[in-house]
>>> print(open('start-v3.txt').read())   # compact mmCIF, C-alpha atoms
# COMPACT_ATOMS: atom_id res chain seq x y z
CA MET A 1 5.98 -60.03 -31.91
CA LYS A 2 7.96 -58.11 -29.35
CA LEU A 3 8.79 -54.61 -30.52
CA LEU A 4 10.73 -51.96 -28.64
CA ILE A 5 11.12 -48.35 -29.68
CA LEU A 6 14.62 -47.19 -28.73
CA ILE A 7 15.21 -43.47 -28.34
CA PRO A 8 18.80 -42.36 -27.70
CA ALA A 9 18.81 -38.88 -26.17
CA TYR A 10 21.37 -36.37 -25.00
CA ASN A 11 20.11 -33.01 -23.70
CA GLU A 12 16.79 -33.40 -25.53
CA GLU A 13 14.52 -32.11 -22.75
CA GLY A 14 12.64 -29.90 -25.21
CA ALA A 15 11.86 -32.62 -27.75
CA VAL A 16 11.95 -36.09 -26.23
CA GLY A 17 8.55 -35.89 -24.50
CA GLY A 18 6.83 -35.00 -27.78
CA VAL A 19 8.58 -37.83 -29.61
CA ILE A 20 7.41 -40.37 -27.01
CA GLU A 21 3.84 -39.10 -27.13
CA GLU A 22 3.84 -39.33 -30.94
CA VAL A 23 5.16 -42.90 -30.77
CA HIS A 24 2.48 -43.89 -28.28
CA ALA A 25 -0.18 -42.30 -30.48
CA VAL A 26 0.99 -44.31 -33.51
CA LEU A 27 1.72 -47.55 -31.63
CA PRO A 28 -0.37 -47.74 -28.48
CA GLY A 29 0.96 -50.26 -25.99
CA VAL A 30 4.39 -50.59 -27.60
CA PRO A 31 7.11 -49.94 -25.00
CA THR A 32 9.51 -47.05 -25.50
CA LEU A 33 12.98 -47.01 -24.01
CA VAL A 34 14.88 -43.74 -23.77
CA VAL A 35 18.63 -44.23 -23.36
CA ASP A 36 19.82 -41.07 -21.67
CA ASP A 37 23.48 -40.37 -22.42
CA CYS A 38 24.04 -38.55 -19.11
CA SER A 39 22.14 -35.40 -20.09
CA ALA A 40 22.70 -32.25 -18.07
CA ASP A 41 19.11 -31.07 -18.55
CA GLY A 42 15.74 -32.59 -17.66
CA THR A 43 15.70 -35.25 -20.41
CA VAL A 44 15.15 -38.12 -17.95
CA GLY A 45 12.22 -36.41 -16.22
CA ALA A 46 10.60 -35.41 -19.52
CA ALA A 47 10.93 -38.97 -20.84
CA ARG A 48 9.47 -40.56 -17.69
CA GLN A 49 6.63 -38.05 -17.62
CA ALA A 50 5.74 -38.94 -21.20
CA GLY A 51 5.51 -42.61 -20.28
CA ALA A 52 8.83 -44.04 -21.43
CA GLN A 53 11.17 -46.31 -19.54
CA VAL A 54 14.60 -44.76 -19.09
CA LEU A 55 18.02 -46.38 -19.20
CA SER A 56 20.36 -43.80 -17.64
CA LEU A 57 24.05 -44.01 -18.44
CA PRO A 58 26.26 -42.92 -15.53
CA TYR A 59 28.44 -40.84 -17.86
CA HIS A 60 28.44 -39.61 -21.43
CA LEU A 61 29.43 -42.35 -23.91
CA GLY A 62 28.56 -40.74 -27.23
CA LEU A 63 25.92 -41.89 -29.70
CA GLY A 64 27.32 -45.36 -30.46
CA GLY A 65 27.84 -46.36 -26.84
CA CYS A 66 24.41 -44.98 -25.96
CA VAL A 67 22.60 -46.89 -28.73
CA GLN A 68 24.54 -50.07 -27.98
CA ALA A 69 23.47 -49.92 -24.32
CA GLY A 70 19.86 -49.90 -25.54
CA TYR A 71 20.50 -52.80 -27.94
CA ARG A 72 22.13 -54.80 -25.12
CA LEU A 73 19.18 -54.30 -22.81
CA ALA A 74 16.68 -55.04 -25.58
CA PHE A 75 18.50 -58.27 -26.44
CA GLU A 76 18.64 -59.34 -22.80
CA LEU A 77 14.93 -58.63 -22.38
CA GLY A 78 14.15 -60.83 -25.39
CA TYR A 79 12.83 -58.27 -27.88
CA GLU A 80 12.52 -59.50 -31.47
CA TYR A 81 12.52 -56.10 -33.16
CA VAL A 82 14.00 -52.78 -32.13
CA ILE A 83 13.32 -49.58 -34.02
CA ARG A 84 15.54 -46.65 -33.21
CA VAL A 85 13.99 -43.18 -33.33
CA ASP A 86 16.07 -40.08 -32.59
CA GLY A 87 15.09 -38.06 -29.55
CA ASP A 88 15.22 -34.72 -31.36
CA GLY A 89 11.95 -35.16 -33.24
CA GLN A 90 13.47 -35.40 -36.74
CA HIS A 91 12.04 -38.85 -37.35
CA ASP A 92 8.31 -39.12 -37.94
CA PRO A 93 6.91 -41.97 -35.81
CA ARG A 94 4.17 -42.48 -38.42
CA ASP A 95 6.89 -44.16 -40.53
CA ILE A 96 7.57 -46.79 -37.86
CA PRO A 97 4.89 -49.25 -39.12
CA ARG A 98 6.49 -49.16 -42.58
CA ILE A 99 9.89 -50.07 -41.12
CA LEU A 100 8.39 -52.80 -38.95
CA SER A 101 6.44 -54.23 -41.85
CA ALA A 102 9.62 -54.40 -43.98
CA LEU A 103 11.49 -56.12 -41.14
CA GLU A 104 8.77 -58.75 -40.76
CA GLN A 105 7.97 -59.38 -44.40
CA GLU A 106 11.38 -59.11 -46.05
CA LYS A 107 13.17 -61.06 -43.29
CA CYS A 108 16.20 -58.80 -43.58
CA GLU A 109 18.35 -58.00 -40.58
CA MET A 110 18.08 -54.20 -40.76
CA VAL A 111 15.73 -51.67 -42.34
CA ILE A 112 16.80 -48.06 -42.84
CA GLY A 113 14.37 -45.17 -43.08
CA SER A 114 15.65 -43.13 -46.03
CA ARG A 115 14.80 -39.47 -46.54
CA PHE A 116 15.75 -39.68 -50.23
CA MET A 117 13.37 -42.33 -51.54
CA ASP A 118 10.06 -41.89 -53.33
CA GLY A 119 9.80 -38.15 -52.89
CA ALA A 120 10.02 -38.37 -49.12
CA GLY A 121 11.01 -35.21 -47.28
CA SER A 122 14.75 -34.55 -47.57
CA HIS A 123 15.40 -32.13 -44.75
CA THR A 124 19.12 -32.06 -44.02
CA ASN A 125 21.81 -29.46 -43.45
CA PRO A 126 24.43 -28.79 -46.19
CA ALA A 127 27.30 -30.37 -44.20
CA ARG A 128 25.36 -33.58 -43.70
CA GLY A 129 24.22 -33.49 -47.33
CA ALA A 130 27.84 -33.38 -48.49
CA ALA A 131 28.75 -36.24 -46.17
CA ILE A 132 25.84 -38.33 -47.49
CA LEU A 133 26.96 -37.84 -51.11
CA PHE A 134 30.53 -38.75 -50.21
CA PHE A 135 29.63 -41.88 -48.29
CA ARG A 136 27.17 -43.08 -50.91
CA ALA A 137 30.14 -43.21 -53.30
CA VAL A 138 32.45 -44.86 -50.75
CA LEU A 139 29.93 -47.50 -49.65
CA ARG A 140 28.68 -48.52 -53.10
CA PRO A 141 31.65 -50.81 -53.94
CA ILE A 142 31.95 -52.09 -50.37
CA LEU A 143 28.29 -53.01 -49.98
CA GLY A 144 27.90 -54.07 -53.61
CA ARG A 145 24.69 -52.07 -53.90
CA PRO A 146 23.60 -48.46 -53.58
CA VAL A 147 22.42 -46.99 -50.30
CA SER A 148 20.56 -43.68 -50.51
CA ASP A 149 20.71 -42.52 -46.89
CA PRO A 150 23.72 -44.07 -45.12
CA THR A 151 23.68 -41.56 -42.23
CA SER A 152 20.07 -42.19 -41.27
CA GLY A 153 19.58 -43.08 -37.62
CA PHE A 154 15.98 -44.16 -38.25
CA VAL A 155 16.67 -47.90 -38.33
CA GLY A 156 14.94 -51.10 -37.40
CA THR A 157 16.78 -54.27 -36.49
CA ASN A 158 15.65 -57.84 -36.02
CA ARG A 159 16.92 -60.13 -33.28
CA THR A 160 19.85 -61.44 -35.34
CA ALA A 161 21.21 -57.95 -35.88
CA LEU A 162 20.34 -57.09 -32.28
CA GLU A 163 22.52 -59.93 -31.04
CA LEU A 164 25.38 -58.74 -33.25
CA PHE A 165 25.05 -55.07 -32.31
CA SER A 166 24.81 -55.87 -28.61
CA ARG A 167 28.29 -57.41 -28.94
CA THR A 168 29.92 -55.10 -31.48
CA PHE A 169 28.74 -51.64 -32.45
CA PRO A 170 30.69 -48.62 -33.72
CA LEU A 171 31.05 -46.02 -31.01
CA GLU A 172 31.13 -42.64 -32.75
CA TYR A 173 28.89 -41.76 -35.72
CA PRO A 174 27.78 -45.41 -35.88
CA GLU A 175 25.26 -45.49 -38.74
CA ILE A 176 27.67 -45.85 -41.66
CA GLU A 177 30.05 -48.25 -39.95
CA ALA A 178 27.11 -50.38 -38.83
CA LEU A 179 26.27 -51.00 -42.51
CA VAL A 180 29.77 -52.35 -43.09
CA VAL A 181 29.56 -54.47 -39.93
CA LEU A 182 26.35 -56.00 -41.33
CA GLN A 183 27.81 -56.53 -44.78
CA ARG A 184 30.87 -58.32 -43.36
CA ARG A 185 28.54 -60.94 -41.97
CA ARG A 186 26.47 -61.16 -45.13
CA PHE A 187 23.43 -59.73 -43.35
CA ARG A 188 20.81 -58.02 -45.50
CA PHE A 189 19.47 -54.51 -45.17
CA LEU A 190 16.69 -52.68 -46.91
CA GLU A 191 15.71 -49.03 -47.28
CA VAL A 192 12.19 -47.70 -47.04
CA PRO A 193 11.05 -44.13 -47.64
CA CYS A 194 10.66 -41.99 -44.53
CA HIS A 195 10.09 -38.36 -43.73
CA MET A 196 12.68 -36.34 -41.86
CA ARG A 197 11.63 -33.15 -40.15
CA PRO A 198 13.60 -30.25 -38.73
CA ARG A 199 14.69 -31.03 -35.16
CA LYS A 200 12.23 -29.75 -32.56
CA ALA A 201 14.85 -28.53 -30.09
CA GLY A 202 18.55 -28.77 -29.26
CA ARG A 203 21.46 -28.79 -31.68
CA SER A 204 22.78 -31.36 -34.15
CA THR A 205 25.91 -33.25 -33.16
CA ILE A 206 27.25 -32.76 -36.69
CA THR A 207 28.11 -29.12 -37.38
CA ALA A 208 29.85 -27.73 -40.47
CA VAL A 209 33.16 -27.57 -38.59
CA LYS A 210 32.82 -31.12 -37.34
CA SER A 211 31.87 -32.53 -40.73
CA PHE A 212 35.50 -32.88 -41.93
CA TYR A 213 36.45 -34.69 -38.73
CA TYR A 214 33.29 -36.75 -39.13
CA MET A 215 34.16 -37.78 -42.68
CA ALA A 216 37.77 -38.68 -41.84
CA HIS A 217 36.73 -40.59 -38.72
CA VAL A 218 33.99 -42.56 -40.42
CA LEU A 219 36.14 -43.24 -43.49
CA LEU A 220 38.82 -44.74 -41.25
CA GLY A 221 36.18 -46.71 -39.34
CA VAL A 222 34.75 -48.09 -42.60
CA PHE A 223 38.13 -49.34 -43.80
CA VAL A 224 39.01 -50.78 -40.40
CA ASN A 225 35.75 -52.73 -40.49
CA VAL A 226 36.49 -53.90 -44.03
CA LEU A 227 39.89 -55.14 -42.85
CA LYS A 228 38.42 -56.91 -39.81
CA PHE A 229 36.40 -59.19 -42.02
CA GLU A 230 35.47 -61.71 -39.35
CA GLY A 231 32.88 -64.43 -39.78
CA ARG A 232 32.44 -64.38 -43.56
CA ARG A 233 30.56 -67.39 -44.75
CA LYS A 234 31.93 -69.23 -47.78
CA MET B 1 78.78 -33.69 -29.10
CA ASP B 2 79.78 -34.20 -25.45
CA ARG B 3 77.38 -31.50 -24.27
CA MET B 4 74.53 -33.09 -26.20
CA LEU B 5 75.31 -36.49 -24.67
CA ASN B 6 75.55 -34.93 -21.20
CA VAL B 7 72.18 -33.27 -21.65
CA MET B 8 70.73 -36.64 -22.66
CA THR B 9 72.31 -38.28 -19.59
CA VAL B 10 70.78 -35.67 -17.28
CA PHE B 11 67.42 -36.03 -19.06
CA SER B 12 67.51 -39.83 -18.68
CA ILE B 13 68.37 -39.60 -14.98
CA LEU B 14 65.59 -37.04 -14.42
CA LEU B 15 63.13 -39.29 -16.26
CA LEU B 16 64.21 -42.31 -14.19
CA GLY B 17 63.85 -40.31 -10.96
CA LEU B 18 60.46 -38.91 -11.97
CA VAL B 19 59.05 -42.31 -12.91
CA LEU B 20 60.41 -44.01 -9.78
CA ALA B 21 59.02 -41.21 -7.57
CA SER B 22 55.62 -41.54 -9.29
CA VAL B 23 55.64 -45.31 -8.74
CA ARG B 24 56.59 -44.83 -5.08
CA ARG B 25 53.66 -42.40 -4.59
CA ALA B 26 51.35 -44.79 -6.47
CA HIS B 27 50.68 -42.21 -9.21
CA ILE B 28 51.78 -44.76 -11.82
CA ARG B 29 51.13 -48.45 -11.49
CA VAL B 30 54.28 -50.61 -11.66
CA GLU B 31 53.21 -52.37 -14.87
CA TYR B 32 52.78 -49.04 -16.63
CA SER B 33 56.13 -47.71 -15.45
CA VAL B 34 58.13 -50.47 -17.15
CA SER B 35 58.05 -48.85 -20.62
CA TRP B 36 59.23 -45.51 -19.29
CA LEU B 37 61.96 -47.03 -17.10
CA ALA B 38 63.23 -49.16 -19.99
CA ALA B 39 63.26 -46.14 -22.32
CA ALA B 40 65.13 -43.99 -19.79
CA LEU B 41 67.68 -46.76 -19.15
CA VAL B 42 68.36 -47.27 -22.87
CA LEU B 43 68.92 -43.54 -23.31
CA LEU B 44 71.18 -43.41 -20.25
CA ILE B 45 73.29 -46.33 -21.52
CA LEU B 46 73.58 -44.92 -25.04
CA SER B 47 74.49 -41.44 -23.81
CA ARG B 48 77.30 -42.86 -21.60
CA TRP B 49 78.55 -45.76 -23.76
CA GLN B 50 80.04 -43.96 -26.75
CA GLY B 51 81.33 -47.14 -28.41
CA LEU B 52 77.86 -48.60 -28.63
CA LEU B 53 76.40 -45.29 -29.81
CA ASN B 54 79.02 -45.10 -32.59
CA ARG B 55 78.16 -48.64 -33.72
CA ILE B 56 74.47 -47.74 -33.85
CA THR B 57 75.31 -44.54 -35.75
CA THR B 58 77.26 -46.54 -38.35
CA TRP B 59 74.49 -49.16 -38.54
CA LEU B 60 71.93 -46.43 -39.19
CA GLY B 61 74.17 -45.05 -41.94
CA MET B 62 74.53 -41.69 -40.19
CA SER B 63 77.62 -39.62 -39.53
CA ASP B 64 76.41 -37.65 -36.50
CA ALA B 65 76.20 -39.66 -33.24
CA PRO B 66 74.00 -37.15 -31.31
CA LEU B 67 71.54 -37.14 -34.20
CA ALA B 68 71.48 -40.95 -34.12
CA LEU B 69 70.86 -40.80 -30.36
CA LEU B 70 67.96 -38.38 -30.87
CA MET B 71 66.52 -40.65 -33.58
CA THR B 72 66.83 -43.66 -31.30
CA ALA B 73 65.19 -41.71 -28.46
CA GLY B 74 62.37 -40.67 -30.80
CA ALA B 75 61.83 -44.27 -31.91
CA ILE B 76 61.80 -45.53 -28.31
CA PHE B 77 59.23 -42.94 -27.24
CA LEU B 78 57.06 -43.71 -30.26
CA ILE B 79 57.00 -47.35 -29.13
CA VAL B 80 56.14 -46.26 -25.58
CA LEU B 81 53.32 -44.03 -26.91
CA TYR B 82 52.01 -46.86 -29.08
CA ARG B 83 51.93 -49.17 -26.06
CA LEU B 84 50.06 -46.50 -24.10
CA SER B 85 47.53 -46.14 -26.95
CA LEU B 86 46.89 -49.90 -26.77
CA MET B 87 46.31 -49.66 -23.03
CA ILE B 88 44.05 -46.60 -23.33
CA SER B 89 41.97 -48.29 -26.04
CA HIS B 90 41.60 -51.42 -23.91
CA LEU B 91 40.64 -49.34 -20.88
CA LYS B 92 38.11 -47.33 -22.89
CA ASP B 93 36.47 -50.51 -24.23
CA SER B 94 36.32 -51.98 -20.72
CA ASN B 95 34.97 -48.72 -19.35
CA ILE B 96 32.18 -48.51 -21.93
CA ALA B 97 31.16 -52.12 -21.28
CA LEU B 98 31.20 -51.42 -17.54
CA VAL B 99 29.10 -48.25 -17.86
CA GLN B 100 26.55 -50.06 -20.01
CA ARG B 101 26.42 -52.98 -17.57
CA VAL B 102 25.95 -50.65 -14.58
CA ALA B 103 23.14 -48.80 -16.37
CA ILE B 104 21.41 -52.06 -17.35
CA LEU B 105 21.68 -53.48 -13.82
CA GLU B 106 20.33 -50.24 -12.35
CA PHE B 107 17.43 -50.36 -14.82
CA ARG B 108 16.57 -53.95 -13.89
CA LEU B 109 16.92 -53.20 -10.18
CA GLU B 110 14.47 -50.29 -10.48
CA ARG B 111 11.99 -52.54 -12.28
CA LEU B 112 12.40 -55.17 -9.60
CA ASP B 113 11.79 -52.54 -6.89
CA GLU B 114 8.63 -51.38 -8.66
CA LYS B 115 7.37 -54.97 -8.91
CA THR B 116 8.12 -55.60 -5.23
CA LYS B 117 6.28 -52.43 -4.22
CA ALA B 118 3.32 -53.37 -6.40
CA VAL B 119 3.12 -56.83 -4.77
CA SER B 120 3.41 -55.50 -1.21
>>> encode(input="start-v3.txt", output="structure tokens")
Amino acid sequence: MKLLILIPAYNEEGAVGGVIEEVHAVLPGVPTLVVDDCSADGTVGAARQAGAQVLSLPYHLGLGGCVQAGYRLAFELGYEYVIRVDGDGQHDPRDIPRILSALEQEKCEMVIGSRFMDGAGSHTNPARGAAILFFRAVLRPILGRPVSDPTSGFVGTNRTALELFSRTFPLEYPEIEALVVLQRRRFRFLEVPCHMRPRKAGRSTITAVKSFYYMAHVLLGVFVNVLKFEGRRK
Amino acid sequence: MDRMLNVMTVFSILLLGLVLASVRRAHIRVEYSVSWLAAALVLLILSRWQGLLNRITTWLGMSDAPLALLMTAGAIFLIVLYRLSLMISHLKDSNIALVQRVAILEFRLERLDEKTKAVS
């Protein structure tokens, strides 16, 4: 079993070191890769000091491009499983074994850590909460099943999904569109309960003002992906 | 009507001159200047060839030739903008792939350096 913990980070100097240390405490010996999206602060130094390997992007690509760079490298290096943990400290690394276990046992292509299952912590800001409710309703008929936390970035992927995402991955706000990309190829995903915590430092990329743009952008991206419809198996 | 057509003629000539000057100074690549040159030429021809403009006006079901010319100009520039959007999207995709590739190669090179140092 080759597992990589992927941590996309942009200006997360204050939090990323703690996240890496927590991951190493939970999973000793498992490699961590921080993908630095051209941070202006000391994110790279903090990550290296905490013992992570760092993939530094020469300029800012945004979350999707940043995560995809990590998936590409992980695929090229032959990893079987990649679990993405945000660099702001919102995801609790103690939930990683649960995601990994679901990936291995259920043989599904992607496992999402959901903050809304089984009484798990549901820390989220009101703008994001509204977006989650909206996209639950939009995605239900498209995916043919409910998804409780479509905006969660706490996701694990197996090598099949890794190969797909290293070729095609949504660039901005990728989590929701990625579900549609998976569904178009008849890949399976599963949700497991996870705890979300308040971010340790920095600011969220999704503010109240941005949430309308976010919803319109993602909605368009979802329908574009539905229309693409490549590779469906009969 | 004549003044409107004259203004359009001057505008087309200015656009032609600007694009050609930009190509000469290598500010615009030749392949990207084609859309603008074609658009400027069409506008220049329509603003000078009143017979053709009148036929287009009738075909569009309009009574005002200058308005038809403006509509045609608008449609032409929309097509030019659409073509530019295609190019920008293609460039952005290529750029992202390039940035990711550079970062990955740099990462692997650093690892190789570390291994070499460890061996020696």
>>> interface_residues(input="start-v3.txt", of="chain A", to="chain B", cutoff="12 Å", atoms="all atoms listed in the file", output="number ranges by chain")
A: 33-38, 53-77, 166-171
>>> residues_around(input="start-v3.txt", residues="Val30 (chain B)", least_positions_apart="6", cutoff="12 Å", atoms="all atoms listed in the file", output="ChimeraX atom specification")
/B:19-24,36-37
>>> write_last_selection(input="start-v3.txt", atoms="C-alpha atoms", output="PDB file, keeping the file's coordinate frame")
ATOM      1  CA  VAL B  19      59.050 -42.310 -12.910  1.00  0.00           C
ATOM      2  CA  LEU B  20      60.410 -44.010  -9.780  1.00  0.00           C
ATOM      3  CA  ALA B  21      59.020 -41.210  -7.570  1.00  0.00           C
ATOM      4  CA  SER B  22      55.620 -41.540  -9.290  1.00  0.00           C
ATOM      5  CA  VAL B  23      55.640 -45.310  -8.740  1.00  0.00           C
ATOM      6  CA  ARG B  24      56.590 -44.830  -5.080  1.00  0.00           C
ATOM      7  CA  TRP B  36      59.230 -45.510 -19.290  1.00  0.00           C
ATOM      8  CA  LEU B  37      61.960 -47.030 -17.100  1.00  0.00           C
TER       9      LEU B  37
END
>>> atom_distance(input="start-v3.txt", atom1="CA of Gly153 (chain A)", atom2="CA of Tyr213 (chain A)")
18.9 Å
>>> atom_distance(input="start-v3.txt", atom1="CA of Leu143 (chain A)", atom2="CA of Gln183 (chain A)")
6.3 Å
>>> atom_distance(input="start-v3.txt", atom1="CA of Val44 (chain A)", atom2="CA of Glu172 (chain A)")
22.2 Å
>>> closest_residue(input="start-v3.txt", among="A:Phe154, A:Phe165, A:Phe187, A:Phe134", to="Ser211 (chain A)", atoms="only C-alpha atoms")
A:Phe134
>>> residues_around(input="start-v3.txt", residues="Pro93 (chain A)", least_positions_apart="3", cutoff="8 Å", atoms="only C-alpha atoms", output="CSV table (one decimal) with C-alpha atoms, in the coordinates of the input")
chain,number,residue,atom,x,y,z
A,19,VAL,CA,8.6,-37.8,-29.6
A,22,GLU,CA,3.8,-39.3,-30.9
A,23,VAL,CA,5.2,-42.9,-30.8
A,26,VAL,CA,1.0,-44.3,-33.5
A,85,VAL,CA,14.0,-43.2,-33.3
A,96,ILE,CA,7.6,-46.8,-37.9
>>> residues_around(input="start-v3.txt", residues="Ala52 (chain A)", least_positions_apart="4", cutoff="12 Å", atoms="all atoms listed in the file", output="JSON, numbers by chain")
{"A": [4, 5, 6, 7, 8, 16, 17, 18, 19, 20, 21, 22, 23, 24, 29, 30, 31, 32, 33, 34, 35, 36, 43, 44, 45, 46, 47, 48, 87]}
>>> residues_around(input="start-v3.txt", residues="Arg3 (chain B)", least_positions_apart="4", cutoff="12 Å", atoms="all atoms listed in the file", output="list in words")
Val7, Met8, Thr9, Val10, Ser47, Arg48 and Pro66 of chain B
>>> decode(input="start-v3.txt", residues="region 22-30 of chain B", atoms="all heavy atoms", output="PDB file, in the first residue's frame")
ATOM      1  N   SER B  22       1.157  47.471 -35.023  1.00  0.00           N
ATOM      2  CA  SER B  22       1.439  46.534 -33.924  1.00  0.00           C
ATOM      3  C   SER B  22       2.117  45.274 -34.434  1.00  0.00           C
ATOM      4  O   SER B  22       3.015  44.737 -33.783  1.00  0.00           O
ATOM      5  CB  SER B  22       0.144  46.143 -33.215  1.00  0.00           C
ATOM      6  OG  SER B  22      -0.461  47.276 -32.668  1.00  0.00           O
ATOM      7  N   VAL B  23       1.699  44.812 -35.630  1.00  0.00           N
ATOM      8  CA  VAL B  23       2.332  43.625 -36.216  1.00  0.00           C
ATOM      9  C   VAL B  23       3.781  43.940 -36.561  1.00  0.00           C
ATOM     10  O   VAL B  23       4.697  43.156 -36.299  1.00  0.00           O
ATOM     11  CB  VAL B  23       1.561  43.158 -37.476  1.00  0.00           C
ATOM     12  CG1 VAL B  23       2.326  42.040 -38.189  1.00  0.00           C
ATOM     13  CG2 VAL B  23       0.178  42.663 -37.095  1.00  0.00           C
ATOM     14  N   ARG B  24       3.993  45.147 -37.138  1.00  0.00           N
ATOM     15  CA  ARG B  24       5.352  45.536 -37.555  1.00  0.00           C
ATOM     16  C   ARG B  24       6.299  45.599 -36.351  1.00  0.00           C
ATOM     17  O   ARG B  24       7.450  45.209 -36.428  1.00  0.00           O
ATOM     18  CB  ARG B  24       5.298  46.899 -38.262  1.00  0.00           C
ATOM     19  CG  ARG B  24       6.535  47.209 -39.092  1.00  0.00           C
ATOM     20  CD  ARG B  24       6.344  48.503 -39.850  1.00  0.00           C
ATOM     21  NE  ARG B  24       6.364  49.667 -38.968  1.00  0.00           N
ATOM     22  CZ  ARG B  24       7.474  50.271 -38.559  1.00  0.00           C
ATOM     23  NH1 ARG B  24       8.639  49.833 -38.944  1.00  0.00           N
ATOM     24  NH2 ARG B  24       7.421  51.319 -37.764  1.00  0.00           N
ATOM     25  N   ARG B  25       5.753  46.083 -35.205  1.00  0.00           N
ATOM     26  CA  ARG B  25       6.593  46.177 -33.992  1.00  0.00           C
ATOM     27  C   ARG B  25       6.617  44.871 -33.201  1.00  0.00           C
ATOM     28  O   ARG B  25       7.116  44.833 -32.081  1.00  0.00           O
ATOM     29  CB  ARG B  25       6.052  47.283 -33.079  1.00  0.00           C
ATOM     30  CG  ARG B  25       6.278  48.655 -33.651  1.00  0.00           C
ATOM     31  CD  ARG B  25       5.718  49.709 -32.712  1.00  0.00           C
ATOM     32  NE  ARG B  25       5.719  51.011 -33.362  1.00  0.00           N
ATOM     33  CZ  ARG B  25       4.814  51.952 -33.148  1.00  0.00           C
ATOM     34  NH1 ARG B  25       3.828  51.731 -32.307  1.00  0.00           N
ATOM     35  NH2 ARG B  25       4.894  53.098 -33.763  1.00  0.00           N
ATOM     36  N   ALA B  26       5.988  43.850 -33.738  1.00  0.00           N
ATOM     37  CA  ALA B  26       5.921  42.530 -33.085  1.00  0.00           C
ATOM     38  C   ALA B  26       5.161  42.561 -31.759  1.00  0.00           C
ATOM     39  O   ALA B  26       5.412  41.764 -30.858  1.00  0.00           O
ATOM     40  CB  ALA B  26       7.318  41.944 -32.885  1.00  0.00           C
ATOM     41  N   HIS B  27       4.211  43.508 -31.629  1.00  0.00           N
ATOM     42  CA  HIS B  27       3.348  43.522 -30.437  1.00  0.00           C
ATOM     43  C   HIS B  27       2.194  42.539 -30.595  1.00  0.00           C
ATOM     44  O   HIS B  27       1.620  42.074 -29.617  1.00  0.00           O
ATOM     45  CB  HIS B  27       2.798  44.924 -30.189  1.00  0.00           C
ATOM     46  CG  HIS B  27       3.847  45.898 -29.759  1.00  0.00           C
ATOM     47  ND1 HIS B  27       3.644  47.252 -29.727  1.00  0.00           N
ATOM     48  CD2 HIS B  27       5.130  45.711 -29.366  1.00  0.00           C
ATOM     49  CE1 HIS B  27       4.758  47.860 -29.321  1.00  0.00           C
ATOM     50  NE2 HIS B  27       5.669  46.932 -29.099  1.00  0.00           N
ATOM     51  N   ILE B  28       1.804  42.282 -31.842  1.00  0.00           N
ATOM     52  CA  ILE B  28       0.785  41.260 -32.127  1.00  0.00           C
ATOM     53  C   ILE B  28       1.397  40.276 -33.116  1.00  0.00           C
ATOM     54  O   ILE B  28       2.009  40.704 -34.100  1.00  0.00           O
ATOM     55  CB  ILE B  28      -0.486  41.865 -32.765  1.00  0.00           C
ATOM     56  CG1 ILE B  28      -1.136  42.898 -31.858  1.00  0.00           C
ATOM     57  CG2 ILE B  28      -1.500  40.755 -33.094  1.00  0.00           C
ATOM     58  CD1 ILE B  28      -2.397  43.521 -32.451  1.00  0.00           C
ATOM     59  N   ARG B  29       1.220  39.006 -32.837  1.00  0.00           N
ATOM     60  CA  ARG B  29       1.710  38.011 -33.802  1.00  0.00           C
ATOM     61  C   ARG B  29       0.815  38.017 -35.033  1.00  0.00           C
ATOM     62  O   ARG B  29      -0.385  38.296 -34.925  1.00  0.00           O
ATOM     63  CB  ARG B  29       1.713  36.613 -33.168  1.00  0.00           C
ATOM     64  CG  ARG B  29       2.753  36.467 -32.059  1.00  0.00           C
ATOM     65  CD  ARG B  29       2.701  35.070 -31.480  1.00  0.00           C
ATOM     66  NE  ARG B  29       3.095  34.073 -32.462  1.00  0.00           N
ATOM     67  CZ  ARG B  29       4.372  33.724 -32.681  1.00  0.00           C
ATOM     68  NH1 ARG B  29       5.336  34.280 -31.992  1.00  0.00           N
ATOM     69  NH2 ARG B  29       4.660  32.822 -33.590  1.00  0.00           N
ATOM     70  N   VAL B  30       1.397  37.697 -36.195  1.00  0.00           N
ATOM     71  CA  VAL B  30       0.657  37.789 -37.463  1.00  0.00           C
ATOM     72  C   VAL B  30      -0.640  36.984 -37.409  1.00  0.00           C
ATOM     73  O   VAL B  30      -1.714  37.466 -37.809  1.00  0.00           O
ATOM     74  CB  VAL B  30       1.538  37.293 -38.640  1.00  0.00           C
ATOM     75  CG1 VAL B  30       0.742  37.269 -39.940  1.00  0.00           C
ATOM     76  CG2 VAL B  30       2.757  38.182 -38.790  1.00  0.00           C
TER      77      VAL B  30
END
